[in-house]
Amino acid sequence: MIKCEELYRIFKDNKIDFYTGVPDSTFADWMKFLADEHGKGLSNIVACNECEAIAISAGYYLATNRIGVVYMQNSGEGKAINPLASLCDSEIYSIPLILMIGWRGEPQEKDEPQHKKMGRIMIPLLETLDIPYKILPGNVEGTRRVITEIKEIAEATMAPVAVIIKKGTIEKYEAIKKMENIYEMTREDALKVIADILDGTEAIISTTGKLSRELFEYRVQKNETPRDFYTVGSMGCSASVALGIALQKPQRNIFIFDGDGAVLMQMGSLATIGHYKPKNLKHVIFDNASHDSTGGQPTVSSTVNFKEIALSCGYINATEVKTREELIIECKKMKDEEGPNLLVVNINRGSRKDLGRPTTSPIQNKITFMNFLKEG
């Protein structure tokens, strides 16, 4: 393994000190290091999605004639295809950058189902895009050679290149900057309050990450069959899935259990929901200002007013709560009000260390959910 400080020194020796992207758990410790060092010799711009990060790095190059690093999970590689192929490619603007990609779903390695396909096609996809790549070794000399060579390739071809990071390549790093927990509830506390208020006829579409895992476990804890749609991948798409359902099932209340990072990634979905105005759509954002599932890296939600954005997009009602008592009051109101409406729940970051994962497959969950929608 290589220490974050050593990796940073290698990048710096290669005159690379600009980073942007979306965090990945594969190199969560590197993300902590970048957050600590931002403004102290390097720049780290937290992007809302990978397309944006590619464009930010392109802008950095246009302004400085220097190469930046765009970090992402390999699921983000799929999302970033458009700007890679139509902005940075050598046949268009020929803008060099270094992709730093975490290899989730590596073949023969155990991982969650949503990562398996991208794990298999990550390298073929890079090859299809004509993006040269190297796998980062877990030692200083090998890493120095890889970073130096990959930068030289980027400069020679004037196009994107990639460095692939396997799990366990980067050593643990203890963050200096720590986010304070200042609210009354955790995400799990809040979702239990809401689930207990609902009468069981509502369809819940929950976002990727720990929120879906917590909701699944709460159903099991209550001796209920997990019947919600757990969006285990496709970060940011839960609201759009819910809109598609709500427009076809107008007599049933449809709840979205969303996260701040997911909403920021696909914030245009709020405009679409506000335009079509499904009266039965209820949107809950559990906002802890962090990417909790990838290590707690900060999002930019601390400077975003989701409530005002939703109202500007055409939501009928929007409110924000910070306490259990406020949540109970507003959730009961939301259940009975015509939508679309939004409830932002301010929560602490973090989760139980023993939090499990759904014990049923995505296809089994899909079938159970579709059968539930057919009822009533």
# chains A, B, ... in the order shown; residues from 1 in each chain; ligands from 1
>>> residues_around(residues="Gly142 of chain A", least_positions_apart="4", cutoff="12 Å", atoms="only C-alpha atoms", output="PyMOL selection string")
chain A and resi 1-2+6-7+10+134-138+146-149+169
>>> residues_around(residues="segment 176-183 of chain A", least_positions_apart="5", cutoff="9 Å", atoms="only C-alpha atoms", output="list of chain:residue names")
A:Lys32, A:Phe33, A:Ala35, A:Asp36, A:Asn288, A:Gly296, A:Pro298, A:Lys322, A:Thr323, A:Asn346, A:Ile347, A:Asn348, A:Arg349
>>> write_last_selection(atoms="all heavy atoms", output="mmCIF file, in the first residue's frame")
data_model
loop_
_atom_site.group_PDB
_atom_site.id
_atom_site.type_symbol
_atom_site.label_atom_id
_atom_site.label_comp_id
_atom_site.auth_asym_id
_atom_site.auth_seq_id
_atom_site.Cartn_x
_atom_site.Cartn_y
_atom_site.Cartn_z
ATOM 1 N N LYS A 32 -10.146 11.946 2.009
ATOM 2 C CA LYS A 32 -9.948 12.640 3.291
ATOM 3 C C LYS A 32 -8.703 13.514 3.234
ATOM 4 O O LYS A 32 -8.699 14.657 3.719
ATOM 5 C CB LYS A 32 -9.819 11.627 4.425
ATOM 6 C CG LYS A 32 -11.051 10.786 4.691
ATOM 7 C CD LYS A 32 -10.746 9.744 5.781
ATOM 8 C CE LYS A 32 -11.875 8.752 5.940
ATOM 9 N NZ LYS A 32 -11.528 7.697 6.926
ATOM 10 N N PHE A 33 -7.650 12.974 2.642
ATOM 11 C CA PHE A 33 -6.400 13.728 2.526
ATOM 12 C C PHE A 33 -6.601 14.980 1.675
ATOM 13 O O PHE A 33 -6.146 16.074 2.043
ATOM 14 C CB PHE A 33 -5.310 12.841 1.913
ATOM 15 C CG PHE A 33 -4.006 13.540 1.692
ATOM 16 C CD1 PHE A 33 -3.094 13.659 2.731
ATOM 17 C CD2 PHE A 33 -3.692 14.077 0.456
ATOM 18 C CE1 PHE A 33 -1.881 14.321 2.534
ATOM 19 C CE2 PHE A 33 -2.482 14.739 0.248
ATOM 20 C CZ PHE A 33 -1.581 14.856 1.298
ATOM 21 N N ALA A 35 -9.327 16.648 1.170
ATOM 22 C CA ALA A 35 -10.145 17.606 1.926
ATOM 23 C C ALA A 35 -9.293 18.361 2.943
ATOM 24 O O ALA A 35 -9.446 19.574 3.131
ATOM 25 C CB ALA A 35 -11.288 16.887 2.619
ATOM 26 N N ASP A 36 -8.378 17.649 3.591
ATOM 27 C CA ASP A 36 -7.504 18.285 4.580
ATOM 28 C C ASP A 36 -6.525 19.260 3.934
ATOM 29 O O ASP A 36 -6.197 20.311 4.502
ATOM 30 C CB ASP A 36 -6.713 17.228 5.352
ATOM 31 C CG ASP A 36 -7.509 16.595 6.485
ATOM 32 O OD1 ASP A 36 -8.580 17.134 6.842
ATOM 33 O OD2 ASP A 36 -7.065 15.547 7.006
ATOM 34 N N ASN A 288 -27.287 15.113 5.264
ATOM 35 C CA ASN A 288 -26.196 15.127 6.246
ATOM 36 C C ASN A 288 -24.935 15.775 5.683
ATOM 37 O O ASN A 288 -23.848 15.647 6.244
ATOM 38 C CB ASN A 288 -25.883 13.715 6.751
ATOM 39 C CG ASN A 288 -25.488 12.763 5.631
ATOM 40 O OD1 ASN A 288 -25.311 13.175 4.485
ATOM 41 N ND2 ASN A 288 -25.353 11.492 5.953
ATOM 42 N N GLY A 296 -17.952 9.444 4.041
ATOM 43 C CA GLY A 296 -18.330 10.672 4.726
ATOM 44 C C GLY A 296 -17.715 11.936 4.162
ATOM 45 O O GLY A 296 -17.668 12.963 4.839
ATOM 46 N N PRO A 298 -17.481 15.429 2.293
ATOM 47 C CA PRO A 298 -18.523 16.464 2.249
ATOM 48 C C PRO A 298 -19.110 16.659 0.855
ATOM 49 O O PRO A 298 -18.411 16.535 -0.154
ATOM 50 C CB PRO A 298 -17.792 17.730 2.713
ATOM 51 C CG PRO A 298 -16.353 17.470 2.389
ATOM 52 C CD PRO A 298 -16.153 15.995 2.595
ATOM 53 N N LYS A 322 -35.390 19.901 11.694
ATOM 54 C CA LYS A 322 -34.142 19.556 12.355
ATOM 55 C C LYS A 322 -34.335 18.659 13.562
ATOM 56 O O LYS A 322 -33.355 18.107 14.071
ATOM 57 C CB LYS A 322 -33.417 20.839 12.785
ATOM 58 C CG LYS A 322 -33.025 21.736 11.623
ATOM 59 C CD LYS A 322 -32.321 22.997 12.104
ATOM 60 C CE LYS A 322 -31.936 23.874 10.918
ATOM 61 N NZ LYS A 322 -31.257 25.128 11.351
ATOM 62 N N THR A 323 -35.580 18.523 14.041
ATOM 63 C CA THR A 323 -35.833 17.733 15.246
ATOM 64 C C THR A 323 -36.854 16.650 14.965
ATOM 65 O O THR A 323 -37.614 16.706 13.995
ATOM 66 C CB THR A 323 -36.353 18.615 16.385
ATOM 67 O OG1 THR A 323 -37.668 19.098 16.046
ATOM 68 C CG2 THR A 323 -35.432 19.797 16.645
ATOM 69 N N ASN A 346 -32.690 17.530 8.230
ATOM 70 C CA ASN A 346 -31.286 17.712 8.596
ATOM 71 C C ASN A 346 -30.885 16.652 9.607
ATOM 72 O O ASN A 346 -31.500 16.532 10.676
ATOM 73 C CB ASN A 346 -31.061 19.110 9.172
ATOM 74 C CG ASN A 346 -31.188 20.190 8.117
ATOM 75 O OD1 ASN A 346 -30.318 20.360 7.272
ATOM 76 N ND2 ASN A 346 -32.293 20.905 8.138
ATOM 77 N N ILE A 347 -29.850 15.886 9.288
ATOM 78 C CA ILE A 347 -29.451 14.740 10.117
ATOM 79 C C ILE A 347 -27.945 14.734 10.323
ATOM 80 O O ILE A 347 -27.197 15.413 9.619
ATOM 81 C CB ILE A 347 -29.884 13.411 9.467
ATOM 82 C CG1 ILE A 347 -29.318 13.324 8.036
ATOM 83 C CG2 ILE A 347 -31.397 13.251 9.479
ATOM 84 C CD1 ILE A 347 -29.448 11.982 7.386
ATOM 85 N N ASN A 348 -27.510 13.940 11.280
ATOM 86 C CA ASN A 348 -26.088 13.721 11.491
ATOM 87 C C ASN A 348 -25.564 12.698 10.497
ATOM 88 O O ASN A 348 -26.308 11.834 10.033
ATOM 89 C CB ASN A 348 -25.831 13.218 12.915
ATOM 90 C CG ASN A 348 -26.107 14.282 13.957
ATOM 91 O OD1 ASN A 348 -25.887 15.465 13.712
ATOM 92 N ND2 ASN A 348 -26.593 13.877 15.122
ATOM 93 N N ARG A 349 -24.294 12.795 10.190
ATOM 94 C CA ARG A 349 -23.689 11.805 9.303
ATOM 95 C C ARG A 349 -23.329 10.559 10.111
ATOM 96 O O ARG A 349 -23.307 10.566 11.336
ATOM 97 C CB ARG A 349 -22.435 12.372 8.628
ATOM 98 C CG ARG A 349 -21.346 12.790 9.595
ATOM 99 C CD ARG A 349 -20.260 13.561 8.888
ATOM 100 N NE ARG A 349 -19.416 12.706 8.092
ATOM 101 C CZ ARG A 349 -18.298 12.137 8.523
ATOM 102 N NH1 ARG A 349 -17.910 12.304 9.782
ATOM 103 N NH2 ARG A 349 -17.572 11.387 7.731
#
>>> select_by_dssp(residues="segment 168-298 of chain A", states="alpha helix (DSSP H)", output="ChimeraX atom specification")
/A:187-197,210-221,238-248,260-265,268-276
>>> residues_around(residues="segment 42-46 of chain A", least_positions_apart="4", cutoff="8 Å", atoms="only C-alpha atoms", output="count of residues only")
13
>>> closest_residue(among="A:Ala53, A:His291, A:Val140, A:Gly350", to="Arg9 of chain A", atoms="only C-alpha atoms")
A:Val140
>>> residues_around(residues="Leu264 of chain A", least_positions_apart="4", cutoff="8 Å", atoms="only C-alpha atoms", output="list in words")
Cys48, Asn49, Gly236, Asp260 and Ser301 of chain A
>>> write_last_selection(atoms="N, CA, C and O atoms", output="compact mmCIF listing (two decimals), in the first residue's frame")
# COMPACT_ATOMS: atom_id res chain seq x y z
N CYS A 48 -20.64 17.74 -8.22
CA CYS A 48 -21.91 17.05 -7.96
C CYS A 48 -22.05 15.79 -8.79
O CYS A 48 -22.77 14.87 -8.41
N ASN A 49 -21.41 15.76 -9.96
CA ASN A 49 -21.43 14.53 -10.77
C ASN A 49 -20.18 14.49 -11.63
O ASN A 49 -19.43 15.47 -11.74
N GLY A 236 -28.68 9.14 -7.83
CA GLY A 236 -29.39 10.34 -8.26
C GLY A 236 -30.66 10.07 -9.04
O GLY A 236 -31.40 11.00 -9.37
N ASP A 260 -28.73 13.95 0.08
CA ASP A 260 -28.30 15.23 -0.48
C ASP A 260 -27.34 15.04 -1.65
O ASP A 260 -27.45 15.72 -2.68
N SER A 301 -23.94 20.57 -0.06
CA SER A 301 -25.31 20.87 0.34
C SER A 301 -25.40 21.92 1.44
O SER A 301 -26.46 22.52 1.63
>>> closest_atom_pairs(of="segment 254-358 of chain A", to="segment 59-82 of chain A", cutoff="12 Å", atoms="only C-alpha atoms", output="CSV")
residue,atom,partner,partner_atom,distance
A:Met265,CA,A:Lys79,CA,10.8
A:Gln266,CA,A:Lys79,CA,11.4
A:Thr294,CA,A:Gln73,CA,9.7
>>> write_last_selection(atoms="N, CA and C atoms", output="PDB file, in the first residue's frame")
ATOM      1  N   MET A 265     -26.511  15.336  -7.552  1.00  0.00           N
ATOM      2  CA  MET A 265     -26.001  14.700  -8.757  1.00  0.00           C
ATOM      3  C   MET A 265     -26.972  14.823  -9.927  1.00  0.00           C
ATOM      4  N   GLN A 266     -28.274  14.776  -9.640  1.00  0.00           N
ATOM      5  CA  GLN A 266     -29.285  14.829 -10.708  1.00  0.00           C
ATOM      6  C   GLN A 266     -30.349  15.880 -10.366  1.00  0.00           C
ATOM      7  N   THR A 294     -19.455   6.459   0.918  1.00  0.00           N
ATOM      8  CA  THR A 294     -18.091   6.364   0.402  1.00  0.00           C
ATOM      9  C   THR A 294     -17.052   6.876   1.405  1.00  0.00           C
TER      10      THR A 294
END
>>> decode(residues="segment 19-33 of chain A", atoms="all heavy atoms", output="short mmCIF file (atom, residue, chain, number, x, y, z; two decimals), in the first residue's frame")
data_model
loop_
_atom_site.label_atom_id
_atom_site.label_comp_id
_atom_site.auth_asym_id
_atom_site.auth_seq_id
_atom_site.Cartn_x
_atom_site.Cartn_y
_atom_site.Cartn_z
N TYR A 19 -7.43 18.82 -8.37
CA TYR A 19 -8.25 17.61 -8.28
C TYR A 19 -9.73 18.00 -8.23
O TYR A 19 -10.11 18.98 -7.60
CB TYR A 19 -7.90 16.81 -7.02
CG TYR A 19 -6.43 16.47 -6.91
CD1 TYR A 19 -5.53 17.38 -6.35
CD2 TYR A 19 -5.94 15.26 -7.38
CE1 TYR A 19 -4.18 17.08 -6.26
CE2 TYR A 19 -4.59 14.96 -7.29
CZ TYR A 19 -3.71 15.87 -6.73
OH TYR A 19 -2.38 15.57 -6.65
N THR A 20 -10.54 17.19 -8.87
CA THR A 20 -11.98 17.38 -8.80
C THR A 20 -12.66 16.04 -9.07
O THR A 20 -12.06 15.14 -9.66
CB THR A 20 -12.46 18.44 -9.82
OG1 THR A 20 -13.88 18.65 -9.66
CG2 THR A 20 -12.19 18.01 -11.27
N GLY A 21 -13.89 15.89 -8.61
CA GLY A 21 -14.58 14.63 -8.87
C GLY A 21 -15.65 14.30 -7.86
O GLY A 21 -16.08 15.16 -7.08
N VAL A 22 -16.05 13.04 -7.88
CA VAL A 22 -17.05 12.49 -6.98
C VAL A 22 -16.39 11.35 -6.21
O VAL A 22 -15.76 10.48 -6.81
CB VAL A 22 -18.28 11.97 -7.76
CG1 VAL A 22 -19.30 11.36 -6.82
CG2 VAL A 22 -18.91 13.11 -8.56
N PRO A 23 -16.52 11.32 -4.87
CA PRO A 23 -15.78 10.35 -4.07
C PRO A 23 -16.12 8.90 -4.37
O PRO A 23 -17.21 8.58 -4.85
CB PRO A 23 -16.19 10.71 -2.63
CG PRO A 23 -16.64 12.12 -2.69
CD PRO A 23 -17.27 12.28 -4.04
N ASP A 24 -15.16 8.04 -4.04
CA ASP A 24 -15.34 6.59 -4.18
C ASP A 24 -14.78 5.92 -2.94
O ASP A 24 -13.71 6.32 -2.44
CB ASP A 24 -14.62 6.08 -5.43
CG ASP A 24 -14.67 4.56 -5.55
OD1 ASP A 24 -15.67 3.97 -5.11
OD2 ASP A 24 -13.72 3.97 -6.09
N SER A 25 -15.45 4.90 -2.44
CA SER A 25 -14.99 4.21 -1.24
C SER A 25 -13.67 3.47 -1.47
O SER A 25 -12.94 3.19 -0.52
CB SER A 25 -16.06 3.22 -0.76
OG SER A 25 -16.36 2.27 -1.77
N THR A 26 -13.35 3.14 -2.72
CA THR A 26 -12.10 2.44 -3.02
C THR A 26 -10.89 3.23 -2.54
O THR A 26 -9.90 2.67 -2.09
CB THR A 26 -11.97 2.18 -4.53
OG1 THR A 26 -13.14 1.51 -4.99
CG2 THR A 26 -10.76 1.33 -4.85
N PHE A 27 -10.97 4.56 -2.66
CA PHE A 27 -9.87 5.39 -2.15
C PHE A 27 -10.43 6.49 -1.25
O PHE A 27 -10.08 7.67 -1.37
CB PHE A 27 -9.02 5.97 -3.29
CG PHE A 27 -9.79 6.50 -4.47
CD1 PHE A 27 -10.39 7.75 -4.44
CD2 PHE A 27 -9.90 5.74 -5.62
CE1 PHE A 27 -11.07 8.24 -5.53
CE2 PHE A 27 -10.59 6.23 -6.73
CZ PHE A 27 -11.18 7.48 -6.68
N ALA A 28 -11.27 6.08 -0.29
CA ALA A 28 -11.88 7.03 0.64
C ALA A 28 -10.84 7.81 1.43
O ALA A 28 -11.03 9.00 1.73
CB ALA A 28 -12.81 6.28 1.60
N ASP A 29 -9.73 7.16 1.77
CA ASP A 29 -8.70 7.85 2.57
C ASP A 29 -8.01 8.94 1.76
O ASP A 29 -7.64 9.97 2.31
CB ASP A 29 -7.71 6.82 3.09
CG ASP A 29 -8.36 5.87 4.08
OD1 ASP A 29 -8.57 6.27 5.22
OD2 ASP A 29 -8.68 4.73 3.69
N TRP A 30 -7.84 8.72 0.47
CA TRP A 30 -7.28 9.74 -0.41
C TRP A 30 -8.20 10.96 -0.44
O TRP A 30 -7.74 12.11 -0.45
CB TRP A 30 -7.05 9.17 -1.79
CG TRP A 30 -6.58 10.14 -2.84
CD1 TRP A 30 -7.23 10.47 -3.99
CD2 TRP A 30 -5.35 10.88 -2.87
NE1 TRP A 30 -6.49 11.36 -4.72
CE2 TRP A 30 -5.33 11.63 -4.05
CE3 TRP A 30 -4.26 10.97 -1.98
CZ2 TRP A 30 -4.28 12.48 -4.40
CZ3 TRP A 30 -3.21 11.82 -2.33
CH2 TRP A 30 -3.22 12.55 -3.51
N MET A 31 -9.51 10.72 -0.41
CA MET A 31 -10.48 11.82 -0.39
C MET A 31 -10.35 12.63 0.90
O MET A 31 -10.45 13.86 0.89
CB MET A 31 -11.90 11.27 -0.51
CG MET A 31 -12.22 10.52 -1.78
SD MET A 31 -12.22 11.57 -3.25
CE MET A 31 -10.53 11.41 -3.79
N LYS A 32 -10.15 11.95 2.01
CA LYS A 32 -9.95 12.64 3.29
C LYS A 32 -8.70 13.51 3.23
O LYS A 32 -8.70 14.66 3.72
CB LYS A 32 -9.82 11.63 4.42
CG LYS A 32 -11.05 10.79 4.69
CD LYS A 32 -10.75 9.74 5.78
CE LYS A 32 -11.87 8.75 5.94
NZ LYS A 32 -11.53 7.70 6.93
N PHE A 33 -7.65 12.97 2.64
CA PHE A 33 -6.40 13.73 2.53
C PHE A 33 -6.60 14.98 1.68
O PHE A 33 -6.15 16.07 2.04
CB PHE A 33 -5.31 12.84 1.91
CG PHE A 33 -4.01 13.54 1.69
CD1 PHE A 33 -3.09 13.66 2.73
CD2 PHE A 33 -3.69 14.08 0.46
CE1 PHE A 33 -1.88 14.32 2.53
CE2 PHE A 33 -2.48 14.74 0.25
CZ PHE A 33 -1.58 14.86 1.30
#
